[in-house]
Amino acid sequence: MLFYRRPLAAALRLSPLSPPLLLFFASASSSCSPAASSTSGARGCSAVRMDSGMVETASTGAVWSTPSAEPRSISIGKEIFCNRSLNMRNITAVGFDMDYTLAQYKPETFEALAYYGTIGKLVKDLHYPEELLTWEFDWKYMVRGLVLDKKRGNILKMDRHKYVKVAYHGFKELSKEEKVAAYGSTLIRDSFDEPDYALIDTLFSLGEAYLFAQLVDFMDNNPGRVPAGTDYPLMYKDVRSAVDLCHRDGTLKRMVAKDPGRYINADLAIVPMLEMIKKSGRSTFLVTNSLWDYTDVVMNYLCGPYTSDASSGLNHKWLQYFDIVITGSSKPGFFHDDNRAGLFEVEPDSGKLLNADIQIGSPRSSHQHPTPVHKVYQGGNVGHLHRLLCVASSSQILYVGDHIYGDILRSKKVLGWRTMLVIPELEQEVKLLSESKSTRKELRHLRMERDSIEDRIHHLEWSLRFDDLTENQKEKLLSEHVDLLQQREHVRRLHQEAQRQHHQKFHKVWGQLMKTGYQNSRFAHQVERFACLYSSQVTNFGLYSPNKYYRPSEDYMPHEFDVLEL
Ligand SMILES: Nc1nc2c(ncn2[C@@H]2O[C@H](COP(=O)(O)O)[C@@H](O)[C@H]2O)c(=O)[nH]1
Ligand SMILES: [Mg+2]
């Protein structure tokens with residue numbers, strides 16, 4: 001049966017500020033009291049259950065300043081790692097992103113919601129076959145840092161030089177030859193960027209990447225069953241539009257508002273961390289792309305144990321922990337100086353937007369609290385924020401976010417903000433890494449052995465070129481050569497298998513997040529370049545002194561590894 005394409009349904013073009021949506025969240029508020037939240041949020045417990053298998057939420061609520069008899073040690077999975085030195089004494093304002101930074105979504109429920117919502121729209125609005133409704137989502141399959149090749153229907157993992165090291169067509173792994181044929185040309189180095197490629201650089205994108213792979217497989221095996229005229233890029237576009245709509249039309253947010261604990265990990269350490277920052281004399285701010293009504297739902301849930309009483313739903317008390325809140329910020333555009341987006345004041349109870357005809361103080365030097373007239377805004381740009389915060393220099397701002405492009409790259413590169421990237425996957429990665437010391441040693445030995453055999457082979461082949469060898473000598477060298485080739489093949493296989501097993505401990509398909517083979521992955525490279533600090537959870541920030549001087553570890557070049565026996 002053929003399904004015909006029609007232009008993207010008008011339904012896929014809702015305005016982000018659609019009034020019904022704002023109204024919906026205003027009326028949904030009563031269902032968001034702590035009493036209405038689900039059991040999985042573990043609210044009120046002294047520790048939070050690790051639901052996702054990926055994220056261990058911080059969670060006794062203890063912060064650095066909590067009095068304790070013994071000095072606390074920080075487990076490696078909760079450490080803050082430093083790429084570029086940062087003295088907190090120079091920081092006068094600490095800002096936070098909300099989604100996937102303060103609010104850690106549970107992928108098994110939240111991303112599943114996005115996945116099934118997207119399929120619903122593909123079938124209903126874009127005439128994909130109903131069979132898609134029976135598909136299932138493996139939320140652990142895709143990882144951050146992957147790149148989708150929209151034209152070829154491939155999913156790629158690259159190293160820091162943008163060499164494709166792992167590649168799948170749908171769910172079928174490409175052979176080495178196929179990889180080289182598609183991506184091996186060193187003359188035409190692809191940038192692997194939009195519009196032909198899509199970067200899976202936020203946890204929000206895991207579902208759409210998985211669905212794309214499923215659709216590629218489906219189309220290959222059932223060419224007549226996707227809407228006529230559909231090819232891989234168009235399929236990606238359809239998925240993207242449908243995901244986008246799920247974020248805008250309430251498919252996701254309505255469900256989260258009904259039961260935040262089902263979709264978001266509660267984290268009792270958020271409020272103590274924010275309080276500690278404020279007590280240290282710094283301003284705090286929130287800049288999120290979410291609109292006010294949803295921001296209020298999520299923040300009320302996250303700060304709820306400290307601010308809610310039985311009679312109130314969304315009481316906005318969480319606002320006390322922030323000096324400025326900017327919603328609907330449209331990052332990364334927000335960070336562009338030439339962004340002319342208007343700034344609106346948000347009236348918290350009604351959600352009404354008013355023109356922000358504000359009297360904002362001029363920049364002051366250091367450690368002075370801003371005294372803005374209002375607290376909650378929508379839109380605007382970084383210039384507005386600087387004036388609201390009264391910072392003298394952008395390097396006095398530390399911003400914590402989860403999205404390299406949306407939160408970190410531009411804010412650091414162009415504005416000079418200091419940045420911290422939240423990478424929930426890191427907790428598991430460092431744990432496995434610390435357990436794999438002996439395997440890594442073994443891998444290094446195998447690699448050295450392979451190198452040494454290869455050198456002997458080359459030497460032998462060189463010797464065989466000389467004419468003055470007797471037949472006897474030649475025969476001996478040739479038989480040694482055969483032996484060495486066998487040995488090399490043996491060690492190569494051992495090494496390859498050990499390497500494969502080592503990577504599979506991290507992820508069955510894509511391996512270690514921060515590495516591809518021996519090289520840093522493209523994702524790791526971006527973390528290194530753009531994030532001053534990085535850590536598994538935002539609340540790890542509360543485990544350190546607010547005046548800490550973060551210093552990077554020593555850099556090493558390849559020659560130093562051998563000389564220093566690292
Ligand atoms: N319209 C779309 N919105 C999206 C998409 N992916 C995520 N989102 C929304 O962005 C904000 C992220 O907020 P922040 O706090 O991290 O700045 C949140 O409301 C998401 O729902 C998308 O593809 N389209
Ligand atoms: Mg975010």
# chains A, B, ... in the order shown; residues from 1 in each chain; ligands from 1
>>> residues_near_ligand(ligand="ligand 2", cutoff="8 Å", atoms="only C-alpha atoms and all ligand atoms", output="list in words")
Asp97, Met98, Asp99, Tyr100, Thr101, Thr202, Thr288, Asn289, Gly401, Asp402, His403, Gly406 and Asp407 of chain A
>>> residues_around(residues="segment 77-93 of chain A", least_positions_apart="2", cutoff="8 Å", atoms="only C-alpha atoms", output="count of residues only")
42
>>> select_by_dssp(residues="segment 306-463 of chain A", states="alpha helix (DSSP H)", output="short mmCIF file (atom, residue, chain, number, x, y, z; two decimals) with C-alpha atoms, in the first residue's frame")
data_model
loop_
_atom_site.label_atom_id
_atom_site.label_comp_id
_atom_site.auth_asym_id
_atom_site.auth_seq_id
_atom_site.Cartn_x
_atom_site.Cartn_y
_atom_site.Cartn_z
CA TYR A 306 11.82 23.24 50.53
CA THR A 307 9.11 25.59 49.40
CA VAL A 382 22.69 38.64 26.73
CA GLY A 383 23.01 42.45 26.85
CA HIS A 384 19.79 42.67 28.84
CA LEU A 385 21.03 40.00 31.22
CA HIS A 386 24.38 41.71 31.78
CA ARG A 387 22.59 44.90 32.67
CA LEU A 388 20.14 43.13 34.93
CA LEU A 389 23.00 41.41 36.74
CA ARG A 410 28.97 30.68 22.13
CA SER A 411 28.72 31.88 25.69
CA LYS A 412 32.36 30.98 26.25
CA LYS A 413 33.89 31.60 22.82
CA GLU A 425 26.95 9.93 31.41
CA LEU A 426 30.29 10.80 33.00
CA GLU A 427 29.50 9.18 36.33
CA GLN A 428 29.25 5.73 34.78
CA GLU A 429 32.13 6.41 32.40
CA VAL A 430 34.64 7.24 35.13
CA LYS A 431 33.45 4.34 37.26
CA LEU A 432 34.04 1.85 34.44
CA LEU A 433 37.30 3.53 33.58
CA SER A 434 38.61 3.14 37.09
CA GLU A 435 37.67 -0.56 36.96
CA LYS A 437 43.05 -0.26 34.69
CA SER A 438 44.38 -3.78 34.13
CA THR A 439 42.62 -4.14 30.77
CA ARG A 440 44.12 -0.86 29.62
CA LYS A 441 47.58 -2.08 30.63
CA GLU A 442 47.01 -5.28 28.68
CA LEU A 443 45.84 -3.31 25.67
CA ARG A 444 48.96 -1.15 25.77
CA HIS A 445 51.17 -4.25 25.87
CA LEU A 446 49.39 -5.86 22.96
CA ARG A 447 49.76 -2.67 20.98
CA MET A 448 53.47 -2.48 21.72
CA GLU A 449 53.92 -6.13 20.80
CA ARG A 450 52.13 -5.57 17.51
CA ASP A 451 54.38 -2.57 16.78
CA SER A 452 57.49 -4.52 17.57
CA ILE A 453 56.49 -7.49 15.35
CA GLU A 454 55.66 -5.06 12.57
CA ASP A 455 59.12 -3.46 12.87
CA ARG A 456 60.76 -6.87 12.62
CA ILE A 457 58.69 -7.67 9.53
CA HIS A 458 59.71 -4.42 7.86
CA HIS A 459 63.34 -5.05 8.72
CA LEU A 460 63.19 -8.54 7.31
CA GLU A 461 61.50 -7.40 4.12
CA TRP A 462 64.24 -4.82 3.72
CA SER A 463 66.95 -7.48 4.18
#
>>> residues_near_ligand(ligand="ligand 1", cutoff="10 Å", atoms="only C-alpha atoms and all ligand atoms", output="ChimeraX atom specification")
/A:14-16,96-103,114,202-205,208,239-250,252-253,286-292,294-295,326-332,401-403,406-407
>>> residues_around(residues="Leu132 of chain A", least_positions_apart="2", cutoff="9 Å", atoms="only C-alpha atoms", output="list of chain:residue names")
A:Ile119, A:Gly120, A:Leu122, A:Val123, A:Tyr128, A:Pro129, A:Glu130, A:Thr134, A:Trp135, A:Glu136, A:Leu215
>>> write_last_selection(atoms="N, CA and C atoms", output="JSON list (two decimals), in the first residue's frame")
[["chain", "number", "residue", "atom", "x", "y", "z"],
["A", 119, "ILE", "N", 6.10, 9.29, 16.89],
["A", 119, "ILE", "CA", 5.53, 8.26, 16.02],
["A", 119, "ILE", "C", 4.04, 8.57, 15.77],
["A", 120, "GLY", "N", 3.35, 8.96, 16.83],
["A", 120, "GLY", "CA", 1.93, 9.30, 16.69],
["A", 120, "GLY", "C", 1.74, 10.36, 15.61],
["A", 122, "LEU", "N", 3.85, 11.14, 13.16],
["A", 122, "LEU", "CA", 4.26, 10.65, 11.83],
["A", 122, "LEU", "C", 3.10, 9.88, 11.19],
["A", 123, "VAL", "N", 2.42, 9.08, 12.00],
["A", 123, "VAL", "CA", 1.34, 8.26, 11.46],
["A", 123, "VAL", "C", 0.11, 9.13, 11.17],
["A", 128, "TYR", "N", 2.63, 8.05, 7.70],
["A", 128, "TYR", "CA", 3.50, 6.88, 7.79],
["A", 128, "TYR", "C", 2.61, 5.70, 8.19],
["A", 129, "PRO", "N", 3.04, 4.47, 7.87],
["A", 129, "PRO", "CA", 2.18, 3.31, 8.14],
["A", 129, "PRO", "C", 1.89, 3.12, 9.63],
["A", 130, "GLU", "N", 0.72, 2.61, 9.89],
["A", 130, "GLU", "CA", 0.29, 2.42, 11.29],
["A", 130, "GLU", "C", 1.17, 1.44, 12.04],
["A", 134, "THR", "N", 3.52, 0.13, 16.62],
["A", 134, "THR", "CA", 3.89, -1.06, 17.41],
["A", 134, "THR", "C", 5.38, -1.07, 17.75],
["A", 135, "TRP", "N", 6.11, -0.09, 17.24],
["A", 135, "TRP", "CA", 7.56, -0.09, 17.47],
["A", 135, "TRP", "C", 7.89, 0.22, 18.92],
["A", 136, "GLU", "N", 9.10, -0.26, 19.30],
["A", 136, "GLU", "CA", 9.52, 0.00, 20.68],
["A", 136, "GLU", "C", 10.80, 0.80, 20.72],
["A", 215, "LEU", "N", 13.63, 3.88, 11.02],
["A", 215, "LEU", "CA", 12.98, 4.19, 9.73],
["A", 215, "LEU", "C", 13.88, 3.83, 8.55]]
>>> atom_distance(atom1="atom CA of Asn221 of chain A", atom2="atom CA of Leu174 of chain A")
16.8 Å
>>> residues_around(residues="Asp196 of chain A", least_positions_apart="4", cutoff="8 Å", atoms="only C-alpha atoms", output="list in words")
Asp149, Lys150, Lys151, Phe192 and Pro233 of chain A
>>> write_last_selection(atoms="all heavy atoms", output="mmCIF file, in the first residue's frame")
data_model
loop_
_atom_site.group_PDB
_atom_site.id
_atom_site.type_symbol
_atom_site.label_atom_id
_atom_site.label_comp_id
_atom_site.auth_asym_id
_atom_site.auth_seq_id
_atom_site.Cartn_x
_atom_site.Cartn_y
_atom_site.Cartn_z
ATOM 1 N N ASP A 149 24.089 10.975 9.418
ATOM 2 C CA ASP A 149 24.312 11.316 8.016
ATOM 3 C C ASP A 149 22.951 11.192 7.335
ATOM 4 O O ASP A 149 22.498 10.096 7.014
ATOM 5 C CB ASP A 149 25.339 10.331 7.434
ATOM 6 C CG ASP A 149 25.608 10.595 5.963
ATOM 7 O OD1 ASP A 149 24.812 11.298 5.323
ATOM 8 O OD2 ASP A 149 26.626 10.062 5.458
ATOM 9 N N LYS A 150 22.306 12.333 7.144
ATOM 10 C CA LYS A 150 20.918 12.314 6.665
ATOM 11 C C LYS A 150 20.818 11.734 5.258
ATOM 12 O O LYS A 150 19.855 11.069 4.919
ATOM 13 C CB LYS A 150 20.361 13.745 6.649
ATOM 14 C CG LYS A 150 20.324 14.425 7.992
ATOM 15 C CD LYS A 150 19.675 15.797 7.837
ATOM 16 C CE LYS A 150 20.151 16.755 8.887
ATOM 17 N NZ LYS A 150 19.688 18.128 8.644
ATOM 18 N N LYS A 151 21.814 12.029 4.411
ATOM 19 C CA LYS A 151 21.731 11.577 3.017
ATOM 20 C C LYS A 151 21.852 10.068 2.895
ATOM 21 O O LYS A 151 21.164 9.426 2.130
ATOM 22 C CB LYS A 151 22.867 12.213 2.211
ATOM 23 C CG LYS A 151 22.579 13.599 1.726
ATOM 24 C CD LYS A 151 23.659 13.970 0.741
ATOM 25 C CE LYS A 151 23.482 15.372 0.209
ATOM 26 N NZ LYS A 151 24.758 15.889 -0.314
ATOM 27 N N PHE A 192 30.984 17.502 8.395
ATOM 28 C CA PHE A 192 30.018 16.750 9.203
ATOM 29 C C PHE A 192 29.104 17.676 9.996
ATOM 30 O O PHE A 192 28.919 17.505 11.189
ATOM 31 C CB PHE A 192 30.741 15.763 10.136
ATOM 32 C CG PHE A 192 31.466 14.688 9.389
ATOM 33 C CD1 PHE A 192 32.837 14.726 9.249
ATOM 34 C CD2 PHE A 192 30.761 13.636 8.816
ATOM 35 C CE1 PHE A 192 33.507 13.737 8.546
ATOM 36 C CE2 PHE A 192 31.426 12.637 8.119
ATOM 37 C CZ PHE A 192 32.806 12.687 7.979
ATOM 38 N N PRO A 233 16.859 11.828 3.747
ATOM 39 C CA PRO A 233 16.834 13.186 4.306
ATOM 40 C C PRO A 233 15.418 13.663 4.640
ATOM 41 O O PRO A 233 15.199 14.321 5.655
ATOM 42 C CB PRO A 233 17.425 14.059 3.192
ATOM 43 C CG PRO A 233 18.196 13.125 2.341
ATOM 44 C CD PRO A 233 17.534 11.786 2.438
#
>>> residues_around(residues="Tyr197 of chain A", least_positions_apart="3", cutoff="12 Å", atoms="only C-alpha atoms", output="PyMOL selection string")
chain A and resi 146-156+190-194+200+209+232-233+236-237
>>> residues_around(residues="Trp64 of chain A", least_positions_apart="5", cutoff="10 Å", atoms="only C-alpha atoms", output="VMD selection string")
chain A and resid 71 to 72 272 to 273 276 540 to 546
>>> write_last_selection(atoms="C-alpha atoms", output="CSV table (one decimal), in the first residue's frame")
chain,number,residue,atom,x,y,z
A,71,PRO,CA,36.0,16.1,56.0
A,72,ARG,CA,33.9,14.7,53.2
A,272,PRO,CA,21.2,23.8,49.4
A,273,MET,CA,23.6,24.4,46.5
A,276,MET,CA,25.2,28.3,49.4
A,540,ASN,CA,28.3,18.5,42.3
A,541,PHE,CA,29.1,22.2,42.3
A,542,GLY,CA,27.7,22.2,45.9
A,543,LEU,CA,30.3,19.7,47.0
A,544,TYR,CA,33.1,22.3,46.7
A,545,SER,CA,33.9,25.5,48.4
A,546,PRO,CA,32.2,28.4,46.6
>>> closest_residue(among="A:Thr109, A:Thr230, A:Gln320, A:Asn381", to="Gly261 of chain A", atoms="only C-alpha atoms")
A:Thr109
>>> select_by_dssp(residues="segment 155-352 of chain A", states="strand (DSSP E)", output="JSON, numbers by chain")
{"A": [155, 156, 157, 158, 164, 165, 166, 167, 168, 169, 172, 173, 197, 198, 199, 264, 265, 283, 284, 285, 286, 287, 324, 325, 326, 327, 343, 344, 345, 346, 347, 352]}
>>> decode(residues="segment 275-309 of chain A", atoms="N, CA and C atoms", output="short mmCIF file (atom, residue, chain, number, x, y, z; two decimals), in the first residue's frame")
data_model
loop_
_atom_site.label_atom_id
_atom_site.label_comp_id
_atom_site.auth_asym_id
_atom_site.auth_seq_id
_atom_site.Cartn_x
_atom_site.Cartn_y
_atom_site.Cartn_z
N GLU A 275 21.40 27.95 47.71
CA GLU A 275 21.51 28.78 48.93
C GLU A 275 22.96 29.08 49.25
N MET A 276 23.80 28.07 49.08
CA MET A 276 25.22 28.26 49.39
C MET A 276 25.82 29.32 48.47
N ILE A 277 25.46 29.26 47.20
CA ILE A 277 26.02 30.25 46.25
C ILE A 277 25.56 31.65 46.65
N LYS A 278 24.30 31.76 46.98
CA LYS A 278 23.78 33.09 47.35
C LYS A 278 24.44 33.59 48.64
N LYS A 279 24.58 32.68 49.60
CA LYS A 279 25.20 33.10 50.87
C LYS A 279 26.65 33.53 50.66
N SER A 280 27.26 32.99 49.60
CA SER A 280 28.66 33.36 49.35
C SER A 280 28.75 34.76 48.74
N GLY A 281 27.60 35.41 48.54
CA GLY A 281 27.62 36.79 48.05
C GLY A 281 27.47 36.90 46.54
N ARG A 282 27.19 35.80 45.88
CA ARG A 282 27.06 35.85 44.42
C ARG A 282 25.59 35.91 44.00
N SER A 283 25.38 36.46 42.83
CA SER A 283 24.02 36.42 42.26
C SER A 283 23.81 35.06 41.61
N THR A 284 22.55 34.68 41.52
CA THR A 284 22.23 33.45 40.78
C THR A 284 21.19 33.81 39.73
N PHE A 285 21.26 33.13 38.60
CA PHE A 285 20.23 33.37 37.58
C PHE A 285 19.94 32.09 36.82
N LEU A 286 18.78 32.10 36.17
CA LEU A 286 18.35 30.95 35.37
C LEU A 286 18.09 31.48 33.96
N VAL A 287 18.67 30.84 32.97
CA VAL A 287 18.33 31.18 31.58
C VAL A 287 17.93 29.89 30.88
N THR A 288 16.66 29.79 30.53
CA THR A 288 16.17 28.55 29.92
C THR A 288 15.36 28.84 28.67
N ASN A 289 15.40 27.90 27.77
CA ASN A 289 14.58 28.04 26.56
C ASN A 289 13.13 27.66 26.82
N SER A 290 12.86 27.04 27.95
CA SER A 290 11.48 26.71 28.28
C SER A 290 10.72 27.99 28.61
N LEU A 291 9.42 27.95 28.33
CA LEU A 291 8.59 29.12 28.64
C LEU A 291 8.24 29.12 30.14
N TRP A 292 7.70 30.25 30.58
CA TRP A 292 7.48 30.44 32.02
C TRP A 292 6.62 29.34 32.64
N ASP A 293 5.48 29.03 32.02
CA ASP A 293 4.55 28.10 32.66
C ASP A 293 5.21 26.75 32.94
N TYR A 294 5.98 26.27 31.98
CA TYR A 294 6.65 24.98 32.17
C TYR A 294 7.82 25.11 33.16
N THR A 295 8.55 26.19 33.05
CA THR A 295 9.67 26.44 33.96
C THR A 295 9.16 26.42 35.41
N ASP A 296 8.01 27.02 35.61
CA ASP A 296 7.44 27.10 36.94
C ASP A 296 7.09 25.69 37.46
N VAL A 297 6.53 24.87 36.58
CA VAL A 297 6.20 23.49 36.96
C VAL A 297 7.46 22.74 37.40
N VAL A 298 8.48 22.82 36.55
CA VAL A 298 9.70 22.03 36.78
C VAL A 298 10.45 22.54 38.01
N MET A 299 10.61 23.85 38.11
CA MET A 299 11.38 24.40 39.23
C MET A 299 10.64 24.22 40.55
N ASN A 300 9.32 24.31 40.48
CA ASN A 300 8.54 24.08 41.69
C ASN A 300 8.73 22.64 42.17
N TYR A 301 8.80 21.73 41.21
CA TYR A 301 9.02 20.33 41.58
C TYR A 301 10.43 20.14 42.17
N LEU A 302 11.42 20.74 41.51
CA LEU A 302 12.81 20.53 41.97
C LEU A 302 13.07 21.19 43.33
N CYS A 303 12.46 22.34 43.54
CA CYS A 303 12.71 23.04 44.81
C CYS A 303 11.58 22.79 45.78
N GLY A 304 10.61 21.97 45.37
CA GLY A 304 9.38 21.76 46.12
C GLY A 304 9.57 21.38 47.57
N PRO A 305 10.44 20.39 47.88
CA PRO A 305 10.52 19.94 49.26
C PRO A 305 10.84 21.07 50.22
N TYR A 306 11.44 22.14 49.66
CA TYR A 306 11.82 23.24 50.53
C TYR A 306 10.81 24.36 50.54
N THR A 307 9.96 24.41 49.52
CA THR A 307 9.11 25.59 49.40
C THR A 307 7.62 25.31 49.44
N SER A 308 7.22 24.05 49.28
CA SER A 308 5.78 23.79 49.17
C SER A 308 5.14 23.58 50.52
N ASP A 309 3.91 24.00 50.62
CA ASP A 309 3.10 23.55 51.74
C ASP A 309 1.87 22.90 51.13
#
